[in-house]
file work.cif (mmCIF, C-alpha atoms)
data_target
loop_
_atom_site.group_PDB
_atom_site.id
_atom_site.type_symbol
_atom_site.label_atom_id
_atom_site.label_comp_id
_atom_site.auth_asym_id
_atom_site.auth_seq_id
_atom_site.Cartn_x
_atom_site.Cartn_y
_atom_site.Cartn_z
ATOM 1 C CA MET A 1051 0.000 0.000 0.000
ATOM 2 C CA ASP A 1052 1.767 3.124 -1.225
ATOM 3 C CA LEU A 1053 0.940 6.765 -1.464
ATOM 4 C CA ALA A 1054 2.207 8.651 -4.471
ATOM 5 C CA THR A 1055 3.788 12.042 -3.852
ATOM 6 C CA ARG A 1056 0.686 13.843 -5.067
ATOM 7 C CA GLU A 1057 -1.623 11.712 -2.935
ATOM 8 C CA PHE A 1058 0.619 12.309 0.061
ATOM 9 C CA TRP A 1059 0.498 16.100 -0.283
ATOM 10 C CA ALA A 1060 -3.216 16.105 -1.033
ATOM 11 C CA LEU A 1061 -3.652 14.102 2.174
ATOM 12 C CA ILE A 1062 -1.466 16.502 4.172
ATOM 13 C CA HIS A 1063 -3.238 19.551 2.732
ATOM 14 C CA GLY A 1064 -6.801 18.312 3.022
ATOM 15 C CA LEU A 1065 -6.955 15.790 5.818
ATOM 16 C CA VAL A 1066 -4.041 16.285 8.220
ATOM 17 C CA LEU A 1067 -4.020 20.080 8.191
ATOM 18 C CA GLY A 1068 -7.778 20.248 7.742
ATOM 19 C CA GLY A 1069 -8.282 17.938 10.712
ATOM 20 C CA GLY A 1070 -5.861 19.944 12.826
ATOM 21 C CA PHE A 1071 -7.661 23.127 11.849
ATOM 22 C CA LEU A 1072 -11.007 21.685 12.951
ATOM 23 C CA LEU A 1073 -9.521 20.502 16.236
ATOM 24 C CA ALA A 1074 -7.913 23.877 16.960
ATOM 25 C CA PHE A 1075 -11.155 25.658 16.084
ATOM 26 C CA ALA A 1076 -13.244 23.482 18.378
ATOM 27 C CA GLY A 1077 -10.914 24.078 21.316
ATOM 28 C CA GLY A 1078 -10.516 27.785 20.664
ATOM 29 C CA PHE A 1079 -14.226 28.351 20.111
ATOM 30 C CA ALA A 1080 -15.240 26.590 23.323
ATOM 31 C CA GLY A 1081 -12.617 28.538 25.267
ATOM 32 C CA LEU A 1082 -13.501 31.924 23.822
ATOM 33 C CA TYR A 1083 -17.253 31.414 24.038
ATOM 34 C CA SER A 1084 -17.241 30.521 27.712
ATOM 35 C CA LEU A 1085 -14.626 33.043 28.841
ATOM 36 C CA LYS A 1086 -17.057 35.067 30.921
ATOM 37 C CA PRO A 1087 -16.800 36.472 34.449
ATOM 38 C CA GLY A 1088 -18.624 34.190 36.856
ATOM 39 C CA LEU A 1089 -17.972 31.079 34.800
ATOM 40 C CA VAL A 1090 -14.229 30.844 35.410
ATOM 41 C CA THR A 1091 -12.234 31.071 38.653
ATOM 42 C CA GLY A 1092 -8.991 33.024 39.013
ATOM 43 C CA THR A 1093 -6.934 29.851 38.663
ATOM 44 C CA GLY A 1094 -9.147 28.751 35.807
ATOM 45 C CA ILE A 1095 -8.527 31.986 33.907
ATOM 46 C CA ALA A 1096 -4.777 31.359 33.788
ATOM 47 C CA GLU A 1097 -5.228 27.770 32.688
ATOM 48 C CA ARG A 1098 -7.923 28.703 30.167
ATOM 49 C CA THR A 1099 -5.746 31.480 28.757
ATOM 50 C CA ARG A 1100 -2.884 29.070 28.108
ATOM 51 C CA ARG A 1101 -5.222 26.784 26.170
ATOM 52 C CA LEU A 1102 -6.692 29.719 24.281
ATOM 53 C CA VAL A 1103 -3.246 30.943 23.273
ATOM 54 C CA VAL A 1104 -2.322 27.462 22.054
ATOM 55 C CA GLY A 1105 -5.653 26.908 20.276
ATOM 56 C CA THR A 1106 -5.850 30.237 18.466
ATOM 57 C CA THR A 1107 -2.155 30.307 17.559
ATOM 58 C CA ALA A 1108 -2.362 26.725 16.305
ATOM 59 C CA MET A 1109 -5.388 27.518 14.168
ATOM 60 C CA ALA A 1110 -3.687 30.549 12.631
ATOM 61 C CA THR A 1111 -0.473 28.602 11.982
ATOM 62 C CA ILE A 1112 -2.324 25.655 10.479
ATOM 63 C CA ALA A 1113 -4.355 28.011 8.283
ATOM 64 C CA TRP A 1114 -1.165 29.562 6.879
ATOM 65 C CA VAL A 1115 0.482 26.177 6.279
ATOM 66 C CA THR A 1116 -2.700 24.866 4.629
ATOM 67 C CA VAL A 1117 -3.008 27.698 2.100
ATOM 68 C CA ILE A 1118 0.723 27.728 1.369
ATOM 69 C CA THR A 1119 0.898 23.966 0.707
ATOM 70 C CA GLY A 1120 -2.364 24.130 -1.203
ATOM 71 C CA THR A 1121 -1.311 26.991 -3.464
ATOM 72 C CA TRP A 1122 2.351 26.185 -3.986
ATOM 73 C CA ILE A 1123 2.395 22.372 -3.896
ATOM 74 C CA VAL A 1124 -1.021 20.883 -4.728
ATOM 75 C CA TYR A 1125 -2.559 23.568 -6.967
ATOM 76 C CA PRO A 1126 0.170 23.413 -9.664
ATOM 77 C CA TRP A 1127 -0.675 19.731 -10.152
ATOM 78 C CA TYR A 1128 -4.358 20.597 -10.409
ATOM 79 C CA ARG A 1129 -3.810 23.227 -13.120
ATOM 80 C CA GLU A 1130 -1.120 21.464 -15.184
ATOM 81 C CA ASP A 1131 -1.508 22.129 -18.889
ATOM 82 C CA THR A 1132 -2.052 18.472 -19.759
ATOM 83 C CA PRO A 1133 -5.212 16.663 -20.887
ATOM 84 C CA THR A 1134 -5.218 14.514 -17.747
ATOM 85 C CA SER A 1135 -4.883 17.270 -15.155
ATOM 86 C CA PRO A 1136 -7.953 17.696 -12.919
ATOM 87 C CA ARG A 1137 -8.568 21.170 -14.343
ATOM 88 C CA SER A 1138 -8.470 19.920 -17.926
ATOM 89 C CA GLU A 1139 -10.727 16.960 -17.117
ATOM 90 C CA LEU A 1140 -13.291 19.156 -15.386
ATOM 91 C CA LEU A 1141 -13.344 21.724 -18.191
ATOM 92 C CA ALA A 1142 -13.530 19.049 -20.901
ATOM 93 C CA ASN A 1143 -16.980 17.986 -19.707
ATOM 94 C CA PRO A 1144 -19.793 20.575 -19.709
ATOM 95 C CA ASP A 1145 -21.379 18.731 -16.781
ATOM 96 C CA THR A 1146 -18.311 19.252 -14.585
ATOM 97 C CA ALA A 1147 -16.905 22.519 -15.945
ATOM 98 C CA GLU A 1148 -18.622 24.568 -13.227
ATOM 99 C CA TRP A 1149 -16.639 22.684 -10.597
ATOM 100 C CA HIS A 1150 -13.621 24.540 -11.915
ATOM 101 C CA LYS A 1151 -15.215 27.774 -13.095
ATOM 102 C CA PHE A 1152 -17.089 28.370 -9.863
ATOM 103 C CA GLY A 1153 -15.821 25.855 -7.298
ATOM 104 C CA MET A 1154 -12.063 26.001 -7.771
ATOM 105 C CA GLU A 1155 -12.012 29.666 -8.769
ATOM 106 C CA TRP A 1156 -13.733 30.605 -5.514
ATOM 107 C CA LYS A 1157 -11.882 28.121 -3.322
ATOM 108 C CA GLU A 1158 -8.394 29.150 -4.421
ATOM 109 C CA HIS A 1159 -9.083 32.785 -3.507
ATOM 110 C CA VAL A 1160 -11.384 32.661 -0.508
ATOM 111 C CA ALA A 1161 -9.126 30.241 1.366
ATOM 112 C CA TRP A 1162 -6.458 32.941 1.762
ATOM 113 C CA ILE A 1163 -8.800 35.096 3.833
ATOM 114 C CA ALA A 1164 -8.882 32.491 6.618
ATOM 115 C CA PRO A 1165 -5.251 32.814 7.830
ATOM 116 C CA MET A 1166 -5.431 36.607 7.946
ATOM 117 C CA LEU A 1167 -8.589 36.543 10.064
ATOM 118 C CA ALA A 1168 -7.259 33.686 12.220
ATOM 119 C CA THR A 1169 -4.037 35.628 12.807
ATOM 120 C CA ALA A 1170 -6.055 38.638 13.934
ATOM 121 C CA ALA A 1171 -8.050 36.438 16.332
ATOM 122 C CA ALA A 1172 -4.866 34.904 17.737
ATOM 123 C CA PHE A 1173 -3.329 38.348 18.193
ATOM 124 C CA VAL A 1174 -6.311 39.545 20.227
ATOM 125 C CA VAL A 1175 -5.864 36.577 22.577
ATOM 126 C CA LEU A 1176 -2.079 37.000 22.752
ATOM 127 C CA TYR A 1177 -2.394 40.732 23.394
ATOM 128 C CA TYR A 1178 -4.937 40.622 26.200
ATOM 129 C CA ARG A 1179 -4.157 37.151 27.610
ATOM 130 C CA THR A 1180 -5.689 36.910 31.108
ATOM 131 C CA ASP A 1181 -7.189 40.402 30.739
ATOM 132 C CA LEU A 1182 -9.431 39.126 27.945
ATOM 133 C CA ILE A 1183 -12.079 38.033 30.441
ATOM 134 C CA LYS A 1184 -12.263 41.605 31.726
ATOM 135 C CA ASN A 1185 -12.757 43.024 28.241
ATOM 136 C CA GLN A 1186 -15.825 41.317 26.893
ATOM 137 C CA THR A 1187 -15.881 43.506 23.762
ATOM 138 C CA ALA A 1188 -12.410 42.272 22.823
ATOM 139 C CA ARG A 1189 -13.476 38.674 23.587
ATOM 140 C CA LYS A 1190 -16.489 39.005 21.285
ATOM 141 C CA ILE A 1191 -14.311 40.487 18.532
ATOM 142 C CA ALA A 1192 -11.789 37.653 18.906
ATOM 143 C CA LEU A 1193 -14.685 35.186 18.731
ATOM 144 C CA GLY A 1194 -16.090 36.896 15.631
ATOM 145 C CA LEU A 1195 -12.732 36.865 13.859
ATOM 146 C CA PHE A 1196 -12.204 33.240 14.860
ATOM 147 C CA VAL A 1197 -15.615 32.126 13.555
ATOM 148 C CA ALA A 1198 -15.233 34.179 10.357
ATOM 149 C CA ALA A 1199 -11.844 32.544 9.697
ATOM 150 C CA PHE A 1200 -13.422 29.151 10.227
ATOM 151 C CA ALA A 1201 -16.392 29.968 7.973
ATOM 152 C CA VAL A 1202 -14.265 30.916 4.964
ATOM 153 C CA ALA A 1203 -12.045 27.886 5.566
ATOM 154 C CA VAL A 1204 -15.147 25.691 5.572
ATOM 155 C CA ILE A 1205 -16.198 27.103 2.182
ATOM 156 C CA ALA A 1206 -12.747 26.322 0.790
ATOM 157 C CA GLY A 1207 -12.588 22.931 2.487
ATOM 158 C CA ILE A 1208 -15.985 21.730 1.287
ATOM 159 C CA LEU A 1209 -15.328 22.907 -2.275
ATOM 160 C CA GLY A 1210 -11.912 21.235 -2.178
ATOM 161 C CA ALA A 1211 -13.376 17.939 -0.998
ATOM 162 C CA LEU A 1212 -16.112 17.989 -3.636
ATOM 163 C CA ILE A 1213 -13.688 18.900 -6.432
ATOM 164 C CA THR A 1214 -11.349 16.128 -5.322
ATOM 165 C CA LYS A 1215 -14.219 13.659 -5.622
ATOM 166 C CA LYS A 1216 -14.800 14.787 -9.210
ATOM 167 C CA ALA A 1217 -11.138 14.965 -10.234
ATOM 168 C CA SER A 1218 -8.250 14.380 -7.861
ATOM 169 C CA VAL A 1219 -4.635 15.431 -8.324
ATOM 170 C CA MET B 465 -11.659 57.158 12.297
ATOM 171 C CA GLU B 466 -11.828 59.069 15.549
ATOM 172 C CA MET B 467 -8.885 58.566 17.865
ATOM 173 C CA GLU B 468 -9.096 59.030 21.564
ATOM 174 C CA LYS B 469 -6.895 59.015 24.600
ATOM 175 C CA PRO B 470 -7.094 55.817 26.622
ATOM 176 C CA GLU B 471 -8.762 57.658 29.483
ATOM 177 C CA THR B 472 -11.792 58.697 27.451
ATOM 178 C CA PRO B 473 -13.016 55.748 25.418
ATOM 179 C CA THR B 474 -16.389 55.652 23.731
ATOM 180 C CA GLY B 475 -18.262 53.260 21.507
ATOM 181 C CA ALA B 476 -19.606 49.899 22.455
ATOM 182 C CA THR B 477 -17.334 49.642 25.491
ATOM 183 C CA PRO B 478 -18.636 51.747 28.330
ATOM 184 C CA GLN B 479 -15.395 51.464 30.302
ATOM 185 C CA PRO B 480 -11.744 52.036 29.507
ATOM 186 C CA ALA B 481 -10.698 49.756 26.648
ATOM 187 C CA GLY B 482 -9.126 46.639 28.044
ATOM 188 C CA GLY B 483 -10.398 47.634 31.448
ATOM 189 C CA PRO B 484 -12.550 45.645 33.798
ATOM 190 C CA GLN B 485 -16.061 44.735 32.753
ATOM 191 C CA GLY B 486 -17.797 42.871 35.462
ATOM 192 C CA ALA B 487 -14.718 41.270 36.943
ATOM 193 C CA GLY B 488 -14.213 44.015 39.508
ATOM 194 C CA GLY B 489 -11.010 45.600 40.684
ATOM 195 C CA ALA B 490 -8.802 48.256 39.141
ATOM 196 C CA VAL B 491 -6.882 47.030 36.130
ATOM 197 C CA GLU B 492 -4.453 49.015 34.058
ATOM 198 C CA ALA B 493 -6.201 49.575 30.738
ATOM 199 C CA LYS B 494 -4.388 48.428 27.623
ATOM 200 C CA PRO B 495 -4.974 50.593 24.571
ATOM 201 C CA ASN B 496 -6.912 48.681 21.930
ATOM 202 C CA GLY B 497 -4.935 50.264 19.066
ATOM 203 C CA PRO B 498 -2.737 47.209 18.414
ATOM 204 C CA VAL B 499 -5.826 44.998 18.162
ATOM 205 C CA VAL B 500 -7.589 47.446 15.856
ATOM 206 C CA ALA B 501 -4.412 47.500 13.740
ATOM 207 C CA VAL B 502 -4.479 43.762 13.096
ATOM 208 C CA MET B 503 -8.250 43.796 12.509
ATOM 209 C CA LEU B 504 -7.937 46.486 9.847
ATOM 210 C CA ALA B 505 -4.862 44.808 8.357
ATOM 211 C CA ALA B 506 -6.823 41.564 7.899
ATOM 212 C CA GLY B 507 -9.539 43.569 6.183
ATOM 213 C CA ILE B 508 -7.013 45.353 3.959
ATOM 214 C CA GLY B 509 -5.364 42.039 3.017
ATOM 215 C CA THR B 510 -8.757 40.624 2.085
ATOM 216 C CA LEU B 511 -9.645 43.717 0.069
ATOM 217 C CA VAL B 512 -6.331 43.652 -1.823
ATOM 218 C CA LEU B 513 -6.872 39.966 -2.618
ATOM 219 C CA GLY B 514 -10.313 40.806 -3.983
ATOM 220 C CA ILE B 515 -9.152 43.789 -6.001
ATOM 221 C CA LEU B 516 -6.287 41.830 -7.568
ATOM 222 C CA THR B 517 -8.611 38.912 -8.346
ATOM 223 C CA THR B 518 -11.022 41.148 -10.229
ATOM 224 C CA LEU B 519 -8.269 43.191 -11.911
ATOM 225 C CA SER B 520 -6.566 39.992 -13.050
ATOM 226 C CA GLU B 521 -9.789 38.978 -14.731
ATOM 227 C CA ALA B 522 -10.347 42.384 -16.302
ATOM 228 C CA SER B 523 -6.841 43.042 -17.628
ATOM 229 C CA THR B 524 -4.436 40.687 -19.342
ATOM 230 C CA GLY B 525 -1.610 43.041 -18.343
ATOM 231 C CA VAL B 526 -2.437 42.672 -14.660
ATOM 232 C CA HIS B 527 -3.003 38.934 -15.172
ATOM 233 C CA ASP B 528 0.491 38.569 -16.642
ATOM 234 C CA PHE B 529 2.046 40.816 -13.984
ATOM 235 C CA LEU B 530 0.597 38.630 -11.228
ATOM 236 C CA ASP B 531 1.995 35.500 -12.856
ATOM 237 C CA LEU B 532 4.990 35.386 -10.481
ATOM 238 C CA SER B 533 5.241 31.619 -10.750
ATOM 239 C CA GLU B 534 4.560 29.781 -13.978
ATOM 240 C CA ARG B 535 3.442 26.685 -12.071
ATOM 241 C CA VAL B 536 0.989 28.518 -9.828
ATOM 242 C CA GLY B 537 -0.145 31.149 -12.304
ATOM 243 C CA PRO B 538 -1.604 34.544 -11.375
ATOM 244 C CA LEU B 539 -2.806 33.166 -8.042
ATOM 245 C CA SER B 540 0.837 33.433 -6.961
ATOM 246 C CA GLY B 541 0.881 37.211 -7.394
ATOM 247 C CA LYS B 542 -2.594 37.746 -5.959
ATOM 248 C CA THR B 543 -1.777 35.906 -2.755
ATOM 249 C CA VAL B 544 1.788 37.197 -2.363
ATOM 250 C CA PHE B 545 0.683 40.818 -2.749
ATOM 251 C CA ALA B 546 -2.341 40.293 -0.489
ATOM 252 C CA VAL B 547 -0.111 38.890 2.247
ATOM 253 C CA ILE B 548 2.365 41.748 1.776
ATOM 254 C CA ALA B 549 -0.539 44.213 2.072
ATOM 255 C CA PHE B 550 -1.667 42.456 5.248
ATOM 256 C CA LEU B 551 1.781 42.485 6.856
ATOM 257 C CA VAL B 552 2.791 46.003 5.785
ATOM 258 C CA SER B 553 -0.547 47.534 6.813
ATOM 259 C CA TRP B 554 -0.400 45.636 10.114
ATOM 260 C CA GLY B 555 3.064 47.011 10.817
ATOM 261 C CA GLY B 556 2.148 50.550 9.798
ATOM 262 C CA LEU B 557 -1.156 50.612 11.658
ATOM 263 C CA HIS B 558 0.457 49.038 14.709
ATOM 264 C CA MET B 559 3.033 51.805 14.854
ATOM 265 C CA ALA B 560 0.342 54.447 14.368
ATOM 266 C CA LEU B 561 -2.179 53.050 16.851
ATOM 267 C CA ARG B 562 -0.085 51.241 19.457
ATOM 268 C CA ASP B 563 -0.657 53.825 22.215
ATOM 269 C CA ARG B 564 -4.171 54.824 21.241
ATOM 270 C CA ASP B 565 -7.713 53.771 21.850
ATOM 271 C CA VAL B 566 -10.047 53.494 18.915
ATOM 272 C CA GLU B 567 -13.797 53.049 19.005
ATOM 273 C CA TRP B 568 -14.539 49.343 18.827
ATOM 274 C CA ARG B 569 -17.712 49.926 16.858
ATOM 275 C CA GLN B 570 -15.988 51.913 14.113
ATOM 276 C CA ALA B 571 -13.138 49.423 13.874
ATOM 277 C CA THR B 572 -15.560 46.501 13.672
ATOM 278 C CA VAL B 573 -17.693 48.170 11.003
ATOM 279 C CA ALA B 574 -14.544 48.972 8.986
ATOM 280 C CA LEU B 575 -13.392 45.345 9.238
ATOM 281 C CA ILE B 576 -16.787 43.992 8.174
ATOM 282 C CA VAL B 577 -16.974 46.371 5.204
ATOM 283 C CA LEU B 578 -13.415 45.567 4.046
ATOM 284 C CA VAL B 579 -13.937 41.802 4.335
ATOM 285 C CA ALA B 580 -17.370 41.946 2.694
ATOM 286 C CA ILE B 581 -16.044 43.890 -0.306
ATOM 287 C CA GLY B 582 -13.055 41.549 -0.524
ATOM 288 C CA LEU B 583 -15.364 38.515 -0.464
ATOM 289 C CA VAL B 584 -17.569 39.912 -3.227
ATOM 290 C CA LEU B 585 -14.509 40.686 -5.369
ATOM 291 C CA THR B 586 -13.277 37.084 -5.016
ATOM 292 C CA PHE B 587 -16.694 35.611 -5.882
ATOM 293 C CA PRO B 588 -16.512 34.144 -9.424
ATOM 294 C CA PRO B 589 -19.970 35.269 -10.632
ATOM 295 C CA PHE B 590 -18.917 38.826 -9.740
ATOM 296 C CA PHE B 591 -15.357 39.014 -11.046
ATOM 297 C CA GLU B 592 -16.283 37.189 -14.254
ATOM 298 C CA LEU B 593 -18.481 40.168 -15.119
ATOM 299 C CA PHE B 594 -15.201 41.977 -15.836
ATOM 300 C CA LYS B 595 -13.622 39.165 -17.845
ATOM 301 C CA SER B 596 -11.523 40.492 -20.731
ATOM 302 C CA GLU B 597 -11.876 38.719 -24.056
#
call {"tool": "encode", "arguments": {"input": "work.cif", "output": "structure tokens"}}
result
Amino acid sequence: MDLATREFWALIHGLVLGGGFLLAFAGGFAGLYSLKPGLVTGTGIAERTRRLVVGTTAMATIAWVTVITGTWIVYPWYREDTPTSPRSELLANPDTAEWHKFGMEWKEHVAWIAPMLATAAAFVVLYYRTDLIKNQTARKIALGLFVAAFAVAVIAGILGALITKKASV
Amino acid sequence: MEMEKPETPTGATPQPAGGPQGAGGAVEAKPNGPVVAVMLAAGIGTLVLGILTTLSEASTGVHDFLDLSERVGPLSGKTVFAVIAFLVSWGGLHMALRDRDVEWRQATVALIVLVAIGLVLTFPPFFELFKSE
């Protein structure tokens, strides 16, 4: 049972990094959502902050690595100027052409918004740290940035998975 | 965007930015400028990505200019310049706002507008309206 180089990188880009992104989002979201006075003790705030820093920083880092590997490693295989490249196969059939024209065209651009928003969310957490619980406006903004980063990544991820089912690298 | 001293914040936060809100006790307020800087930078990066995406579709000259890597195509230029815009604007805004408080509401509205425009400009049914023949 072997994985070709292209399969390996598609797996890293879509499944390993995608899975890590989901995991980091779940942890960060739960931590940010429940970071409210009255719900966390003084000791709990310090412990929660450490997890929040790790979760939000991990999500931002994973988002950057995902778009960089996707754009610079996997995407060139997708768009190769050969009749058997996924792009060529999708465009050759009128029934699948929209998967490239709409799906891939949107995915390849919208995905890059996620790391910028995730970085902003991580910075809010890193900047305020344990003071974040005392500044509920900043917490809500961090949460909004975090969820927005996740939402655009979900658009890219779902489109990527569906395109891969139609024509894989 | 209206700038204020840390002692006199306004907007959605009724207390000093970064100050206590329900936790009690006096806490040294951190200016929110650095956070607003990264928020706006993310919005600017998104907007630049959107503008370049639409311009690349509308102009073959821009399309070719953005073709930094033959393997990746114009997406290479769009993303490289968007990330540069994000980092440079973050650095510049951070320096400008690091000791200041900015209204949260205005900063949030600015971020939402920048990201919304950027999203529309990266949406294929929109940018294909400008497709050059």
call {"tool": "closest_residue", "arguments": {"input": "work.cif", "among": "A:Trp1149, A:Phe1196, A:Phe1075, A:Trp1122", "to": "chain B", "atoms": "all atoms listed in the file"}}
result
A:Trp1122
call {"tool": "resolve_selection", "arguments": {"input": "work.cif", "expression": "the PyMOL selection byres ((chain A and resi 1167) around 12)", "output": "tab-separated table (two decimals) with C-alpha atoms, in the coordinates of the input"}}
result
chain	number	residue	atom	x	y	z
A	1106	THR	CA	-5.85	30.24	18.47
A	1107	THR	CA	-2.15	30.31	17.56
A	1109	MET	CA	-5.39	27.52	14.17
A	1110	ALA	CA	-3.69	30.55	12.63
A	1111	THR	CA	-0.47	28.60	11.98
A	1113	ALA	CA	-4.36	28.01	8.28
A	1114	TRP	CA	-1.16	29.56	6.88
A	1160	VAL	CA	-11.38	32.66	-0.51
A	1161	ALA	CA	-9.13	30.24	1.37
A	1162	TRP	CA	-6.46	32.94	1.76
A	1163	ILE	CA	-8.80	35.10	3.83
A	1164	ALA	CA	-8.88	32.49	6.62
A	1165	PRO	CA	-5.25	32.81	7.83
A	1166	MET	CA	-5.43	36.61	7.95
A	1168	ALA	CA	-7.26	33.69	12.22
A	1169	THR	CA	-4.04	35.63	12.81
A	1170	ALA	CA	-6.06	38.64	13.93
A	1171	ALA	CA	-8.05	36.44	16.33
A	1172	ALA	CA	-4.87	34.90	17.74
A	1173	PHE	CA	-3.33	38.35	18.19
A	1174	VAL	CA	-6.31	39.54	20.23
A	1191	ILE	CA	-14.31	40.49	18.53
A	1192	ALA	CA	-11.79	37.65	18.91
A	1193	LEU	CA	-14.68	35.19	18.73
A	1194	GLY	CA	-16.09	36.90	15.63
A	1195	LEU	CA	-12.73	36.86	13.86
A	1196	PHE	CA	-12.20	33.24	14.86
A	1197	VAL	CA	-15.62	32.13	13.56
A	1198	ALA	CA	-15.23	34.18	10.36
A	1199	ALA	CA	-11.84	32.54	9.70
A	1200	PHE	CA	-13.42	29.15	10.23
A	1201	ALA	CA	-16.39	29.97	7.97
A	1202	VAL	CA	-14.26	30.92	4.96
A	1203	ALA	CA	-12.04	27.89	5.57
B	502	VAL	CA	-4.48	43.76	13.10
B	503	MET	CA	-8.25	43.80	12.51
B	504	LEU	CA	-7.94	46.49	9.85
B	505	ALA	CA	-4.86	44.81	8.36
B	506	ALA	CA	-6.82	41.56	7.90
B	507	GLY	CA	-9.54	43.57	6.18
B	508	ILE	CA	-7.01	45.35	3.96
B	509	GLY	CA	-5.36	42.04	3.02
B	510	THR	CA	-8.76	40.62	2.08
B	547	VAL	CA	-0.11	38.89	2.25
B	550	PHE	CA	-1.67	42.46	5.25
B	575	LEU	CA	-13.39	45.34	9.24
B	576	ILE	CA	-16.79	43.99	8.17
B	578	LEU	CA	-13.42	45.57	4.05
B	579	VAL	CA	-13.94	41.80	4.34
call {"tool": "axis_aligned_box", "arguments": {"input": "work.cif", "around": "region 544-555 of chain B", "padding_each_side": "4 Å", "output": "lines of an AutoDock Vina configuration file"}}
result
center_x = 0.4
center_y = 42.4
center_z = 4.0
size_x = 13.4
size_y = 18.3
size_z = 21.6
call {"tool": "atom_distance", "arguments": {"input": "work.cif", "atom1": "CA of Ala1060 (chain A)", "atom2": "CA of Gly1120 (chain A)"}}
result
8.1 Å
call {"tool": "resolve_selection", "arguments": {"input": "work.cif", "expression": "the PyMOL selection byres ((chain B and resi 563) around 9)", "output": "VMD selection string"}}
result
chain B and resid 469 to 470 494 to 498 558 to 562 564 to 565
call {"tool": "write_last_selection", "arguments": {"input": "work.cif", "atoms": "C-alpha atoms", "output": "CSV table (one decimal), keeping the file's coordinate frame"}}
result
chain,number,residue,atom,x,y,z
B,469,LYS,CA,-6.9,59.0,24.6
B,470,PRO,CA,-7.1,55.8,26.6
B,494,LYS,CA,-4.4,48.4,27.6
B,495,PRO,CA,-5.0,50.6,24.6
B,496,ASN,CA,-6.9,48.7,21.9
B,497,GLY,CA,-4.9,50.3,19.1
B,498,PRO,CA,-2.7,47.2,18.4
B,558,HIS,CA,0.5,49.0,14.7
B,559,MET,CA,3.0,51.8,14.9
B,560,ALA,CA,0.3,54.4,14.4
B,561,LEU,CA,-2.2,53.0,16.9
B,562,ARG,CA,-0.1,51.2,19.5
B,564,ARG,CA,-4.2,54.8,21.2
B,565,ASP,CA,-7.7,53.8,21.8
call {"tool": "resolve_selection", "arguments": {"input": "work.cif", "expression": "the PyMOL selection byres ((chain A and resi 1156) around 10)", "output": "list in words"}}
result
Trp1149, His1150, Lys1151, Phe1152, Gly1153, Met1154, Glu1155, Lys1157, Glu1158, His1159, Val1160, Ala1161, Ile1205, Ala1206 and Leu1209 of chain A; Leu583, Thr586, Phe587, Pro588 and Pro589 of chain B
call {"tool": "atom_distance", "arguments": {"input": "work.cif", "atom1": "CA of Arg1098 (chain A)", "atom2": "CA of Leu557 (chain B)"}}
result
29.5 Å
call {"tool": "closest_residue", "arguments": {"input": "work.cif", "among": "B:Thr524, B:Thr517, B:Ser553, B:Ser596", "to": "chain A", "atoms": "all atoms listed in the file"}}
result
B:Thr517
call {"tool": "atom_distance", "arguments": {"input": "work.cif", "atom1": "CA of Arg1101 (chain A)", "atom2": "CA of Arg569 (chain B)"}}
result
27.9 Å
